[in-house]
>>> print(open('target-v2.csv').read())   # CSV, C-alpha atoms
chain,number,residue,atom,x,y,z
I,1,MET,CA,9.3,-17.0,11.4
I,2,PRO,CA,8.5,-16.0,14.9
I,3,THR,CA,6.8,-18.7,16.9
I,4,PHE,CA,3.9,-18.4,19.3
I,5,HIS,CA,6.3,-18.7,22.2
I,6,ASP,CA,8.4,-15.8,21.1
I,7,ASP,CA,6.2,-13.4,23.1
I,8,PHE,CA,6.4,-13.0,26.8
I,9,VAL,CA,5.4,-11.1,29.9
I,10,PRO,CA,6.8,-7.6,30.6
I,11,VAL,CA,10.3,-8.0,31.8
I,12,THR,CA,10.6,-5.3,34.4
I,13,GLY,CA,8.5,-3.3,36.7
I,14,GLY,CA,10.5,-0.2,35.8
I,15,VAL,CA,13.3,-0.9,38.3
I,16,ASP,CA,15.5,2.2,38.5
I,17,LEU,CA,19.2,1.7,38.4
I,18,PRO,CA,21.1,3.1,41.3
I,19,ALA,CA,23.6,5.8,40.6
I,20,ASP,CA,26.6,3.5,40.9
I,21,ARG,CA,25.3,1.4,38.0
I,22,LEU,CA,25.1,4.4,35.7
I,23,ARG,CA,28.0,6.0,33.9
I,24,PRO,CA,28.8,9.4,35.4
I,25,ASP,CA,30.6,10.6,32.3
I,26,VAL,CA,27.6,11.0,30.0
I,27,ASP,CA,25.8,13.8,31.7
I,28,ARG,CA,26.1,15.9,28.6
I,29,LEU,CA,23.4,13.8,27.0
I,30,ARG,CA,20.8,14.7,29.7
I,31,GLY,CA,18.7,17.7,28.8
I,32,LEU,CA,19.8,17.6,25.2
I,33,VAL,CA,17.4,17.4,22.3
I,34,LEU,CA,18.3,17.0,18.6
I,35,ASP,CA,16.0,16.6,15.7
I,36,CYS,CA,18.4,15.0,13.2
I,37,ASP,CA,18.9,11.3,13.7
I,38,LEU,CA,22.5,11.4,12.4
I,39,ASP,CA,23.4,14.3,14.7
I,40,LYS,CA,21.8,12.4,17.6
I,41,HIS,CA,23.8,9.3,16.8
I,42,ILE,CA,27.1,11.1,16.5
I,43,VAL,CA,26.6,13.1,19.7
I,44,ARG,CA,25.7,9.9,21.6
I,45,ILE,CA,28.8,8.1,20.3
I,46,LEU,CA,31.1,11.0,21.3
I,47,ALA,CA,29.5,11.1,24.7
I,48,LEU,CA,29.8,7.3,25.3
I,49,HIS,CA,33.5,7.0,24.2
I,50,PRO,CA,35.9,9.4,26.0
I,51,ASP,CA,38.7,8.3,23.7
I,52,LEU,CA,36.8,9.6,20.7
I,53,ARG,CA,36.0,12.8,22.5
I,54,ASP,CA,39.7,13.3,23.0
I,55,ARG,CA,40.4,12.6,19.4
I,56,PHE,CA,37.6,14.5,17.7
I,57,GLY,CA,36.8,17.1,20.4
I,58,ASP,CA,33.4,18.6,20.5
I,59,ARG,CA,32.7,19.0,16.8
I,60,ASP,CA,30.2,21.6,15.9
I,61,LEU,CA,27.9,19.5,13.8
I,62,THR,CA,26.0,22.5,12.5
I,63,SER,CA,29.2,23.5,10.6
I,64,LEU,CA,29.3,20.1,8.8
I,65,ASP,CA,27.3,19.1,5.8
I,66,LEU,CA,25.8,15.6,5.4
I,67,LEU,CA,28.7,14.1,3.6
I,68,ALA,CA,31.2,15.4,6.2
I,69,LYS,CA,29.0,14.0,9.0
I,70,ARG,CA,28.9,10.6,7.4
I,71,ALA,CA,32.6,10.6,6.9
I,72,LEU,CA,33.1,11.5,10.6
I,73,LEU,CA,30.8,8.6,11.6
I,74,ASP,CA,32.6,6.2,9.3
I,75,GLU,CA,35.9,7.1,10.9
I,76,MET,CA,34.5,6.7,14.4
I,77,ASN,CA,32.9,3.4,13.5
I,78,GLU,CA,36.3,2.1,12.2
I,79,ILE,CA,38.0,3.2,15.4
I,80,LEU,CA,35.4,1.4,17.5
I,81,GLY,CA,35.5,-1.7,15.3
I,82,ILE,CA,31.9,-1.4,14.3
I,83,ARG,CA,31.4,-3.6,11.2
I,84,PRO,CA,28.9,-2.7,8.5
I,85,PRO,CA,26.3,-5.4,7.8
I,86,SER,CA,27.6,-8.3,5.7
I,87,HIS,CA,25.2,-7.6,2.9
I,88,SER,CA,26.8,-4.1,2.4
I,89,ARG,CA,30.4,-5.2,2.5
I,90,PRO,CA,32.4,-5.3,-0.7
D,1,MET,CA,23.5,3.3,10.9
D,2,ASN,CA,21.8,0.2,9.8
D,3,MET,CA,19.1,0.0,12.4
D,4,PRO,CA,16.1,-2.1,11.5
D,5,SER,CA,13.1,0.1,10.7
D,6,GLU,CA,10.6,-2.7,11.0
D,7,ILE,CA,10.1,-6.1,12.5
D,8,ARG,CA,8.2,-9.2,11.4
D,9,LEU,CA,5.3,-10.5,13.4
D,10,LEU,CA,3.2,-13.6,13.1
D,11,ASP,CA,-0.5,-12.7,12.6
D,12,HIS,CA,-2.2,-15.7,14.2
D,13,TRP,CA,-5.6,-14.6,13.1
D,14,HIS,CA,-4.7,-14.8,9.4
D,15,GLY,CA,-1.8,-17.3,9.5
D,16,ILE,CA,0.6,-14.9,7.8
D,17,GLU,CA,3.7,-12.8,8.6
D,18,VAL,CA,3.3,-9.1,8.6
D,19,SER,CA,5.6,-6.2,9.2
D,20,ALA,CA,5.4,-3.6,12.0
D,21,ALA,CA,7.2,-0.3,11.8
D,22,LEU,CA,9.6,0.6,14.6
D,23,VAL,CA,8.6,4.1,15.6
D,24,GLU,CA,9.7,6.6,18.2
D,25,LEU,CA,7.0,6.9,20.8
D,26,THR,CA,5.7,10.4,21.4
D,27,ARG,CA,3.5,11.4,24.3
D,28,THR,CA,0.5,11.5,21.9
D,29,LEU,CA,1.2,8.1,20.4
D,30,ALA,CA,1.7,6.6,23.9
D,31,ALA,CA,-1.5,8.2,25.2
D,32,ASN,CA,-3.7,7.3,22.2
D,33,ARG,CA,-2.4,3.9,21.2
D,34,ILE,CA,-1.1,2.4,24.5
D,35,ASP,CA,-2.7,4.0,27.6
D,36,ALA,CA,-6.1,4.5,26.0
D,37,GLN,CA,-6.2,1.1,24.2
D,38,TRP,CA,-4.1,-1.6,25.7
D,39,TRP,CA,-6.3,-2.5,28.7
D,40,GLN,CA,-9.7,-2.3,26.8
D,41,LEU,CA,-9.9,-6.1,26.7
D,42,GLU,CA,-13.2,-7.7,26.1
D,43,GLY,CA,-13.8,-10.8,28.2
D,44,VAL,CA,-10.9,-10.3,30.5
D,45,SER,CA,-11.8,-9.6,34.1
D,46,LYS,CA,-10.6,-6.6,36.0
D,47,SER,CA,-8.8,-8.7,38.5
D,48,LYS,CA,-7.0,-10.7,35.8
D,49,ARG,CA,-5.9,-7.5,34.1
D,50,ALA,CA,-4.6,-6.1,37.4
D,51,GLN,CA,-2.4,-9.2,37.9
D,52,GLU,CA,-0.3,-8.1,34.9
D,53,GLY,CA,2.9,-6.5,36.1
D,54,ASP,CA,2.5,-3.5,33.8
D,55,HIS,CA,-1.1,-2.8,34.4
D,56,HIS,CA,-0.4,0.5,36.1
D,57,TRP,CA,2.3,1.8,33.7
D,58,VAL,CA,1.4,5.1,32.1
D,59,TRP,CA,3.5,5.2,29.0
D,60,ARG,CA,2.5,8.8,28.1
D,61,LYS,CA,4.0,9.9,31.4
D,62,LEU,CA,7.1,7.9,31.0
D,63,VAL,CA,7.8,9.3,27.6
D,64,GLY,CA,7.2,12.8,28.9
D,65,GLU,CA,9.6,12.4,31.8
D,66,HIS,CA,12.5,11.6,29.5
D,67,ARG,CA,11.6,13.4,26.3
D,68,ASN,CA,14.4,16.0,26.8
D,69,SER,CA,17.2,13.5,27.1
D,70,LEU,CA,19.4,11.7,24.6
D,71,VAL,CA,20.0,9.1,27.3
D,72,TRP,CA,16.6,7.5,26.7
D,73,ASP,CA,14.8,5.9,23.8
D,74,PHE,CA,11.1,4.8,23.6
D,75,ILE,CA,10.3,2.6,20.7
D,76,GLY,CA,7.0,1.1,19.6
D,77,ALA,CA,6.1,-1.6,17.1
D,78,GLN,CA,3.3,-0.2,15.0
D,79,THR,CA,1.2,-2.2,12.5
D,80,ASP,CA,-0.5,-0.8,9.4
D,81,ASP,CA,-3.7,0.0,11.3
D,82,GLY,CA,-1.8,2.4,13.5
D,83,ASP,CA,-2.0,0.2,16.6
D,84,ILE,CA,1.1,-0.2,18.8
D,85,GLN,CA,1.7,-3.9,19.4
D,86,GLY,CA,4.4,-3.6,21.9
D,87,ALA,CA,6.8,-1.0,23.4
D,88,ILE,CA,10.3,-0.8,24.9
D,89,SER,CA,12.1,1.9,26.8
D,90,TYR,CA,15.9,1.8,27.4
D,91,ARG,CA,18.7,4.0,28.5
D,92,ILE,CA,22.2,4.0,27.0
D,93,ASP,CA,24.2,5.2,30.1
D,94,ALA,CA,24.3,2.0,32.2
D,95,ARG,CA,27.3,0.0,33.4
D,96,SER,CA,27.6,-3.7,32.5
D,97,PHE,CA,26.5,-6.0,35.3
D,98,LEU,CA,29.3,-8.4,34.3
D,99,SER,CA,32.1,-6.0,33.7
D,100,PRO,CA,31.3,-2.5,35.1
D,101,GLU,CA,34.1,-0.9,33.2
D,102,PHE,CA,32.0,-1.4,30.1
D,103,GLY,CA,28.9,0.5,29.1
D,104,THR,CA,25.6,-1.2,28.2
D,105,VAL,CA,22.1,-0.4,27.1
D,106,TYR,CA,19.7,-1.0,30.0
D,107,VAL,CA,16.1,-2.1,29.2
D,108,ASP,CA,13.9,-0.3,31.6
D,109,ARG,CA,10.6,-1.6,30.3
D,110,LEU,CA,9.4,-4.0,27.7
D,111,ALA,CA,5.8,-5.0,27.1
D,112,ALA,CA,3.8,-6.7,24.4
D,113,ALA,CA,0.3,-5.2,24.0
D,114,PRO,CA,-2.0,-7.2,26.4
D,115,ARG,CA,-4.1,-8.3,23.4
D,116,ASN,CA,-1.1,-10.2,22.2
D,117,ARG,CA,-0.5,-12.2,25.4
D,118,PRO,CA,-1.5,-15.8,25.1
D,119,TRP,CA,-1.9,-16.2,28.8
D,120,LEU,CA,-4.2,-13.3,29.1
D,121,VAL,CA,-6.6,-13.4,26.1
D,122,PRO,CA,-8.2,-16.4,24.4
D,123,SER,CA,-7.1,-15.5,20.9
D,124,PRO,CA,-4.0,-13.3,20.8
D,125,ARG,CA,-3.2,-11.8,17.4
D,126,PHE,CA,0.5,-11.0,17.0
D,127,ALA,CA,3.5,-13.0,18.2
D,128,GLY,CA,7.2,-11.9,18.0
D,129,VAL,CA,6.8,-8.3,19.3
D,130,GLY,CA,9.0,-8.8,22.4
D,131,LYS,CA,11.7,-10.5,20.5
D,132,GLY,CA,11.7,-7.9,17.7
D,133,LEU,CA,11.9,-4.9,20.1
D,134,LEU,CA,14.7,-6.6,22.1
D,135,LEU,CA,16.7,-7.4,18.9
D,136,ARG,CA,16.4,-3.7,17.8
D,137,THR,CA,17.8,-2.7,21.2
D,138,VAL,CA,20.7,-5.1,20.9
D,139,CYS,CA,21.3,-3.6,17.4
D,140,HIS,CA,21.3,-0.1,18.8
D,141,SER,CA,23.8,-1.1,21.5
D,142,TYR,CA,26.1,-2.4,18.7
D,143,TRP,CA,25.9,0.7,16.6
D,144,LEU,CA,26.6,2.9,19.6
D,145,GLY,CA,29.9,1.0,20.1
D,146,LEU,CA,28.7,-0.9,23.1
D,147,ASN,CA,29.3,-4.2,21.4
D,148,GLY,CA,25.6,-5.2,21.6
D,149,ARG,CA,25.7,-5.5,25.4
D,150,VAL,CA,22.2,-5.2,26.9
D,151,ASN,CA,21.1,-5.7,30.5
D,152,LEU,CA,17.8,-5.8,32.2
D,153,MET,CA,15.9,-7.0,35.3
D,154,SER,CA,13.4,-9.8,34.6
D,155,LEU,CA,10.5,-11.2,36.4
D,156,PRO,CA,11.4,-14.6,37.7
D,157,SER,CA,8.8,-16.6,35.9
D,158,GLU,CA,9.8,-19.7,34.0
D,159,ARG,CA,8.6,-18.2,30.7
D,160,THR,CA,10.7,-15.1,30.9
D,161,ARG,CA,13.8,-17.0,32.1
D,162,ALA,CA,13.6,-19.3,29.2
D,163,PHE,CA,13.1,-16.5,26.8
D,164,TYR,CA,16.3,-14.7,27.8
D,165,GLU,CA,18.5,-17.7,28.4
D,166,ASN,CA,17.6,-19.1,25.0
D,167,ARG,CA,19.0,-16.0,23.5
D,168,GLY,CA,22.2,-16.0,25.3
D,169,PHE,CA,21.4,-13.8,28.3
D,170,ILE,CA,23.3,-14.7,31.5
D,171,ALA,CA,21.7,-14.4,34.9
D,172,THR,CA,24.1,-12.3,37.0
D,173,ARG,CA,22.2,-12.0,40.2
D,174,GLU,CA,18.9,-12.8,41.9
D,175,ARG,CA,17.7,-9.8,43.9
D,176,ASP,CA,15.9,-9.7,47.2
D,177,ASP,CA,12.7,-8.7,45.5
D,178,GLY,CA,12.8,-11.8,43.3
D,179,MET,CA,13.8,-10.0,40.1
D,180,ILE,CA,16.6,-11.5,38.2
D,181,GLU,CA,19.4,-9.4,36.7
D,182,TYR,CA,20.3,-10.5,33.2
D,183,GLU,CA,23.0,-9.4,30.7
D,184,LEU,CA,23.6,-10.3,27.1
D,185,PRO,CA,27.4,-10.4,26.6
D,186,ALA,CA,29.0,-9.0,23.5
D,187,GLU,CA,29.7,-12.4,21.9
D,188,SER,CA,26.2,-13.6,22.3
D,189,ALA,CA,24.8,-10.3,21.1
D,190,GLN,CA,26.9,-10.3,17.9
D,191,ALA,CA,26.1,-14.0,17.3
D,192,TRP,CA,22.3,-13.1,17.5
D,193,LEU,CA,22.8,-10.1,15.2
D,194,THR,CA,24.7,-12.2,12.7
D,195,GLN,CA,22.0,-14.9,12.8
D,196,GLU,CA,19.4,-12.3,12.1
D,197,GLY,CA,21.4,-10.9,9.1
D,198,LEU,CA,22.0,-7.6,10.9
D,199,LEU,CA,25.8,-8.0,11.0
>>> encode(input="target-v2.csv", output="structure tokens")
Amino acid sequence: MPTFHDDFVPVTGGVDLPADRLRPDVDRLRGLVLDCDLDKHIVRILALHPDLRDRFGDRDLTSLDLLAKRALLDEMNEILGIRPPSHSRP
Amino acid sequence: MNMPSEIRLLDHWHGIEVSAALVELTRTLAANRIDAQWWQLEGVSKSKRAQEGDHHWVWRKLVGEHRNSLVWDFIGAQTDDGDIQGAISYRIDARSFLSPEFGTVYVDRLAAAPRNRPWLVPSPRFAGVGKGLLLRTVCHSYWLGLNGRVNLMSLPSERTRAFYENRGFIATRERDDGMIEYELPAESAQAWLTQEGLL
């Protein structure tokens, strides 16, 4: 149950991060728009993890059906050590 | 993905918990439900409103500036009446303050609707908006393979410091402008997600 004190003032004045505090290797995400949430998530993960980019290359997501995309995401999650929530584990 | 699609808020007016949907902010939603509404506060003087750090923020413009980029996300907490009770913007291409070789999610802005601020209005309605939006961001960091790491720059007030530090954020630097740089390390992030049943 949230308490009354769980709310707080705005945390930032919109302080821009300088370039040296941003990753230079994810430029591919800028200027990119995708409508499908799953596609968006996969493209983001591939951009954020160069090792996955090397392994999976630039997959053409338009050529994959939903099941294939989910399988790809499962494989990437396993490599990254992303655990499913405890309530969905066998 | 197992991202939460809603958060729980405490409705002080009715003494009950309610849910609020986590929605992607569009320019229209930001213009109609934030910019046009948030500062229409009865009984709050203009000078008091102006003292709030986000009084001049124009969310419609902010959403518009980054709408064509997968680097940014703008999320609002929307109650059943359609109102936005709080909003957050963050970018996913930041470096960790603690270990720059790691990536993090950087919270650019976070605000509860002014009507929900107990220091601003005599009878705020919803509590828990800020926590819920922040938790959702930590969750997104985890699902992006960034281990839940989140960083931000906080106002130096006692209240905001306590809020972050109670949740495991570490102050990494105090800036010349008084803002404090905070980061939630991976271990603390995953402990919080586990505690909330999200891991």
>>> residues_around(input="target-v2.csv", residues="Lys48 of chain D", least_positions_apart="3", cutoff="12 Å", atoms="only C-alpha atoms", output="ChimeraX atom specification")
/D:39,41-45,51-53,55,114,119-121
>>> residues_around(input="target-v2.csv", residues="segment 62-71 of chain D", least_positions_apart="2", cutoff="7 Å", atoms="only C-alpha atoms", output="list in words")
Leu29, Arg30, Gly31, Leu32 and Val33 of chain I; Thr26, Arg27, Val58, Trp59, Arg60, Phe74, Arg91, Ile92 and Asp93 of chain D
>>> interface_residues(input="target-v2.csv", of="chain D", to="chain I", cutoff="8 Å", atoms="only C-alpha atoms", output="PyMOL selection string")
chain D and resi 2+8-10+17+53-54+68-71+93-97+100+103+108-112+117+127-131+142-145+152-155+159-160+163+197-199
>>> write_last_selection(input="target-v2.csv", atoms="C-alpha atoms", output="PDB file, in the frame of the given file")
ATOM      1  CA  ASN D   2      21.800   0.200   9.800  1.00  0.00           C
ATOM      2  CA  ARG D   8       8.200  -9.200  11.400  1.00  0.00           C
ATOM      3  CA  LEU D   9       5.300 -10.500  13.400  1.00  0.00           C
ATOM      4  CA  LEU D  10       3.200 -13.600  13.100  1.00  0.00           C
ATOM      5  CA  GLU D  17       3.700 -12.800   8.600  1.00  0.00           C
ATOM      6  CA  GLY D  53       2.900  -6.500  36.100  1.00  0.00           C
ATOM      7  CA  ASP D  54       2.500  -3.500  33.800  1.00  0.00           C
ATOM      8  CA  ASN D  68      14.400  16.000  26.800  1.00  0.00           C
ATOM      9  CA  SER D  69      17.200  13.500  27.100  1.00  0.00           C
ATOM     10  CA  LEU D  70      19.400  11.700  24.600  1.00  0.00           C
ATOM     11  CA  VAL D  71      20.000   9.100  27.300  1.00  0.00           C
ATOM     12  CA  ASP D  93      24.200   5.200  30.100  1.00  0.00           C
ATOM     13  CA  ALA D  94      24.300   2.000  32.200  1.00  0.00           C
ATOM     14  CA  ARG D  95      27.300   0.000  33.400  1.00  0.00           C
ATOM     15  CA  SER D  96      27.600  -3.700  32.500  1.00  0.00           C
ATOM     16  CA  PHE D  97      26.500  -6.000  35.300  1.00  0.00           C
ATOM     17  CA  PRO D 100      31.300  -2.500  35.100  1.00  0.00           C
ATOM     18  CA  GLY D 103      28.900   0.500  29.100  1.00  0.00           C
ATOM     19  CA  ASP D 108      13.900  -0.300  31.600  1.00  0.00           C
ATOM     20  CA  ARG D 109      10.600  -1.600  30.300  1.00  0.00           C
ATOM     21  CA  LEU D 110       9.400  -4.000  27.700  1.00  0.00           C
ATOM     22  CA  ALA D 111       5.800  -5.000  27.100  1.00  0.00           C
ATOM     23  CA  ALA D 112       3.800  -6.700  24.400  1.00  0.00           C
ATOM     24  CA  ARG D 117      -0.500 -12.200  25.400  1.00  0.00           C
ATOM     25  CA  ALA D 127       3.500 -13.000  18.200  1.00  0.00           C
ATOM     26  CA  GLY D 128       7.200 -11.900  18.000  1.00  0.00           C
ATOM     27  CA  VAL D 129       6.800  -8.300  19.300  1.00  0.00           C
ATOM     28  CA  GLY D 130       9.000  -8.800  22.400  1.00  0.00           C
ATOM     29  CA  LYS D 131      11.700 -10.500  20.500  1.00  0.00           C
ATOM     30  CA  TYR D 142      26.100  -2.400  18.700  1.00  0.00           C
ATOM     31  CA  TRP D 143      25.900   0.700  16.600  1.00  0.00           C
ATOM     32  CA  LEU D 144      26.600   2.900  19.600  1.00  0.00           C
ATOM     33  CA  GLY D 145      29.900   1.000  20.100  1.00  0.00           C
ATOM     34  CA  LEU D 152      17.800  -5.800  32.200  1.00  0.00           C
ATOM     35  CA  MET D 153      15.900  -7.000  35.300  1.00  0.00           C
ATOM     36  CA  SER D 154      13.400  -9.800  34.600  1.00  0.00           C
ATOM     37  CA  LEU D 155      10.500 -11.200  36.400  1.00  0.00           C
ATOM     38  CA  ARG D 159       8.600 -18.200  30.700  1.00  0.00           C
ATOM     39  CA  THR D 160      10.700 -15.100  30.900  1.00  0.00           C
ATOM     40  CA  PHE D 163      13.100 -16.500  26.800  1.00  0.00           C
ATOM     41  CA  GLY D 197      21.400 -10.900   9.100  1.00  0.00           C
ATOM     42  CA  LEU D 198      22.000  -7.600  10.900  1.00  0.00           C
ATOM     43  CA  LEU D 199      25.800  -8.000  11.000  1.00  0.00           C
TER      44      LEU D 199
END
>>> residues_around(input="target-v2.csv", residues="Arg33 of chain D", least_positions_apart="3", cutoff="10 Å", atoms="only C-alpha atoms", output="VMD selection string")
chain D and resid 25 28 to 30 36 to 38 59 to 60 76 78 82 to 85 113
>>> atom_distance(input="target-v2.csv", atom1="atom CA of Ser63 of chain I", atom2="atom CA of Cys36 of chain I")
14.0 Å
>>> residues_around(input="target-v2.csv", residues="segment 186-194 of chain D", least_positions_apart="3", cutoff="10 Å", atoms="all atoms listed in the file", output="number ranges by chain")
I: 85-86; D: 104, 135-136, 138-139, 141-142, 146-150, 167-170, 183, 197-199
>>> build_atoms(input="target-v2.csv", residues="segment 185-196 of chain D", atoms="N, CA and C atoms", output="short mmCIF file (atom, residue, chain, number, x, y, z; two decimals), in the coordinates of the input")
data_model
loop_
_atom_site.label_atom_id
_atom_site.label_comp_id
_atom_site.auth_asym_id
_atom_site.auth_seq_id
_atom_site.Cartn_x
_atom_site.Cartn_y
_atom_site.Cartn_z
N PRO D 185 25.98 -10.79 26.91
CA PRO D 185 27.40 -10.40 26.60
C PRO D 185 27.59 -10.10 25.16
N ALA D 186 28.69 -9.43 24.90
CA ALA D 186 29.00 -9.00 23.50
C ALA D 186 28.99 -10.14 22.53
N GLU D 187 29.63 -11.24 22.90
CA GLU D 187 29.70 -12.40 21.90
C GLU D 187 28.35 -12.90 21.58
N SER D 188 27.51 -13.07 22.57
CA SER D 188 26.20 -13.60 22.30
C SER D 188 25.35 -12.58 21.50
N ALA D 189 25.54 -11.31 21.81
CA ALA D 189 24.80 -10.30 21.10
C ALA D 189 25.15 -10.29 19.62
N GLN D 190 26.45 -10.36 19.34
CA GLN D 190 26.90 -10.30 17.90
C GLN D 190 26.52 -11.61 17.20
N ALA D 191 26.50 -12.71 17.92
CA ALA D 191 26.10 -14.00 17.30
C ALA D 191 24.58 -13.85 16.91
N TRP D 192 23.78 -13.25 17.78
CA TRP D 192 22.30 -13.10 17.50
C TRP D 192 22.14 -12.14 16.30
N LEU D 193 22.89 -11.04 16.30
CA LEU D 193 22.80 -10.10 15.20
C LEU D 193 23.18 -10.72 13.87
N THR D 194 24.22 -11.53 13.91
CA THR D 194 24.70 -12.20 12.70
C THR D 194 23.61 -13.20 12.21
N GLN D 195 23.07 -13.94 13.16
CA GLN D 195 22.00 -14.90 12.80
C GLN D 195 20.81 -14.25 12.18
N GLU D 196 20.53 -13.04 12.60
CA GLU D 196 19.40 -12.30 12.10
C GLU D 196 19.71 -11.50 10.83
#
